[in-house]
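Below is one structure, written out as structure tokens, with a few remarks after it.
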Amino acid sequence: MFYGLELCALPFARRSYRSAYTIWRSLGYFRRVREELRHLGEPADSLAMLQYVEAAERVGENWTQIESVVTEWIYQRPLKYLRLCKRHGLEAFMAFLESQGLQVGVLSDYPVLDKLQALGLADRMSLALCCTDPEINAFKPHPKGFIHACALWGLPPAEVLYIGDRPEVDAVGATNAGMPCALLGAQASRRGLSPTSSGYGTFSSFARIQNALASHG
């Protein structure tokens, strides 16, 4: 079983309006470009580089400046807040999975190791993958990351459950890989896809996913 993880925060305290606007604009274009890059599938160029280069062209900055802003405001600054953002029921759910002898990992469009360490979960994951890793180089919903995770575990996709929160990204990606998917959160079912037609289940909490798993043995 593995879970998608995407968390960020943008605290602009003690920043001038101009500086804050520049940061906000850079991050806005960066995230917009990443969404557009989803449609490339598996590009010939490195996504890890392409995401910065494309955003820099939109903003009119050097790509290294975009990388610096993203590293500070998306990857580093939010880390100290992550424990406060941990989903209710996650610890109990992890304990349940461990009691069942199930392997757990993470596949995310963003780097995850530092976030997992900040959440106190790194040692409980058997794999932590980012879609910009050279071995994957394809954003969700491309199935490559899902299939790569299964290959590392030596399991067929049908025996791995993916938990996410975006139907158009997580559910479609899992389905493309031949993998069952559970979407977590009240908003998950209101983002454009039908659970009936797309083959995923929607759950309001980890406890409900746990109950569903327990009922299936």
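How things are named: the first chain in the structure tokens is A, the next is B, and so on; residues count from 1 in each chain; ligands count from 1 in the order shown.
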
Under the rule of at most 12 Å, produce a per-residue listing of stretch 87-165 of chain A near stretch 49-58 of chain A: chain, number, name, the closest pair of atoms, and the distance in Å, as JSON lines, using only C-alpha atoms.
{"residue": "A:Asp109", "atom": "CA", "partner": "A:Gln51", "partner_atom": "CA", "distance": 11.4}
{"residue": "A:Tyr110", "atom": "CA", "partner": "A:Gln51", "partner_atom": "CA", "distance": 11.3}
{"residue": "A:Cys131", "atom": "CA", "partner": "A:Gln51", "partner_atom": "CA", "distance": 11.9}
{"residue": "A:Thr132", "atom": "CA", "partner": "A:Met49", "partner_atom": "CA", "distance": 8.9}
{"residue": "A:Asp133", "atom": "CA", "partner": "A:Met49", "partner_atom": "CA", "distance": 11.0}
{"residue": "A:Pro134", "atom": "CA", "partner": "A:Met49", "partner_atom": "CA", "distance": 10.9}
{"residue": "A:Asn137", "atom": "CA", "partner": "A:Met49", "partner_atom": "CA", "distance": 10.5}
{"residue": "A:Ala138", "atom": "CA", "partner": "A:Leu50", "partner_atom": "CA", "distance": 11.5}
{"residue": "A:Phe139", "atom": "CA", "partner": "A:Gln51", "partner_atom": "CA", "distance": 10.9}

*alpha helix (DSSP H) per DSSP on the backbone: members of stretch 146-175 of chain A, as a VMD selection string*: chain A and resid 146 to 153 172 to 175

Take the selection from the previous step and output its residues with all heavy atoms, as a short mmCIF file (atom, residue, chain, number, x, y, z; two decimals), in the first residue's frame.
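Final file, selection13.cif:
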data_model
loop_
_atom_site.label_atom_id
_atom_site.label_comp_id
_atom_site.auth_asym_id
_atom_site.auth_seq_id
_atom_site.Cartn_x
_atom_site.Cartn_y
_atom_site.Cartn_z
N PHE A 146 3.64 4.32 -10.44
CA PHE A 146 2.89 3.27 -9.77
C PHE A 146 3.50 1.90 -10.08
O PHE A 146 3.70 1.07 -9.19
CB PHE A 146 1.43 3.29 -10.23
CG PHE A 146 0.70 4.57 -9.95
CD1 PHE A 146 0.79 5.65 -10.82
CD2 PHE A 146 -0.09 4.70 -8.82
CE1 PHE A 146 0.10 6.83 -10.58
CE2 PHE A 146 -0.78 5.87 -8.57
CZ PHE A 146 -0.68 6.94 -9.44
N ILE A 147 3.80 1.69 -11.35
CA ILE A 147 4.36 0.41 -11.79
C ILE A 147 5.77 0.21 -11.23
O ILE A 147 6.15 -0.89 -10.84
CB ILE A 147 4.35 0.32 -13.32
CG1 ILE A 147 2.89 0.30 -13.83
CG2 ILE A 147 5.10 -0.91 -13.81
CD1 ILE A 147 2.76 0.43 -15.32
N HIS A 148 6.55 1.30 -11.17
CA HIS A 148 7.90 1.21 -10.62
C HIS A 148 7.86 0.79 -9.16
O HIS A 148 8.68 -0.03 -8.71
CB HIS A 148 8.60 2.56 -10.78
CG HIS A 148 10.01 2.59 -10.26
ND1 HIS A 148 11.01 1.81 -10.78
CD2 HIS A 148 10.58 3.32 -9.25
CE1 HIS A 148 12.14 2.04 -10.15
NE2 HIS A 148 11.89 2.94 -9.20
N ALA A 149 6.93 1.36 -8.40
CA ALA A 149 6.80 0.99 -6.99
C ALA A 149 6.48 -0.50 -6.85
O ALA A 149 7.05 -1.20 -6.00
CB ALA A 149 5.70 1.83 -6.33
N CYS A 150 5.56 -0.99 -7.66
CA CYS A 150 5.20 -2.41 -7.61
C CYS A 150 6.40 -3.29 -7.96
O CYS A 150 6.60 -4.35 -7.34
CB CYS A 150 4.06 -2.69 -8.57
SG CYS A 150 2.50 -1.90 -8.09
N ALA A 151 7.19 -2.86 -8.92
CA ALA A 151 8.38 -3.62 -9.30
C ALA A 151 9.37 -3.71 -8.15
O ALA A 151 9.97 -4.76 -7.91
CB ALA A 151 9.03 -2.99 -10.53
N LEU A 152 9.54 -2.61 -7.42
CA LEU A 152 10.46 -2.62 -6.27
C LEU A 152 9.97 -3.55 -5.18
O LEU A 152 10.77 -4.17 -4.47
CB LEU A 152 10.62 -1.20 -5.73
CG LEU A 152 11.33 -0.20 -6.64
CD1 LEU A 152 11.34 1.19 -6.00
CD2 LEU A 152 12.76 -0.64 -6.92
N TRP A 153 8.66 -3.64 -5.03
CA TRP A 153 8.09 -4.54 -4.03
C TRP A 153 7.96 -5.98 -4.53
O TRP A 153 7.72 -6.89 -3.74
CB TRP A 153 6.71 -4.04 -3.61
CG TRP A 153 6.74 -3.01 -2.53
CD1 TRP A 153 7.72 -2.82 -1.61
CD2 TRP A 153 5.72 -2.05 -2.24
NE1 TRP A 153 7.38 -1.79 -0.75
CE2 TRP A 153 6.17 -1.31 -1.11
CE3 TRP A 153 4.49 -1.76 -2.82
CZ2 TRP A 153 5.41 -0.27 -0.56
CZ3 TRP A 153 3.74 -0.73 -2.26
CH2 TRP A 153 4.19 0.01 -1.14
N VAL A 172 -6.92 8.14 -11.63
CA VAL A 172 -6.62 7.83 -13.04
C VAL A 172 -5.27 7.14 -13.16
O VAL A 172 -5.12 6.16 -13.90
CB VAL A 172 -6.66 9.11 -13.90
CG1 VAL A 172 -6.16 8.82 -15.31
CG2 VAL A 172 -8.08 9.67 -13.96
N GLY A 173 -4.27 7.64 -12.43
CA GLY A 173 -2.95 7.02 -12.48
C GLY A 173 -2.96 5.59 -11.99
O GLY A 173 -2.37 4.69 -12.62
N ALA A 174 -3.62 5.36 -10.86
CA ALA A 174 -3.71 4.00 -10.32
C ALA A 174 -4.45 3.08 -11.29
O ALA A 174 -4.02 1.95 -11.55
CB ALA A 174 -4.40 4.03 -8.97
N THR A 175 -5.56 3.57 -11.84
CA THR A 175 -6.34 2.77 -12.78
C THR A 175 -5.51 2.43 -14.02
O THR A 175 -5.56 1.31 -14.52
CB THR A 175 -7.62 3.52 -13.19
OG1 THR A 175 -8.42 3.75 -12.02
CG2 THR A 175 -8.42 2.71 -14.19
#

*Can you tell me how far atom CA of A:Lys144 sits from atom CA of A:Glu42, in Å to one decimal?*
8.2 Å

_Can you measure atom CA of A:Leu127 to atom CA of A:Val106 for me? One decimal in Å is fine._
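These atoms are spaced 6.4 Å apart.
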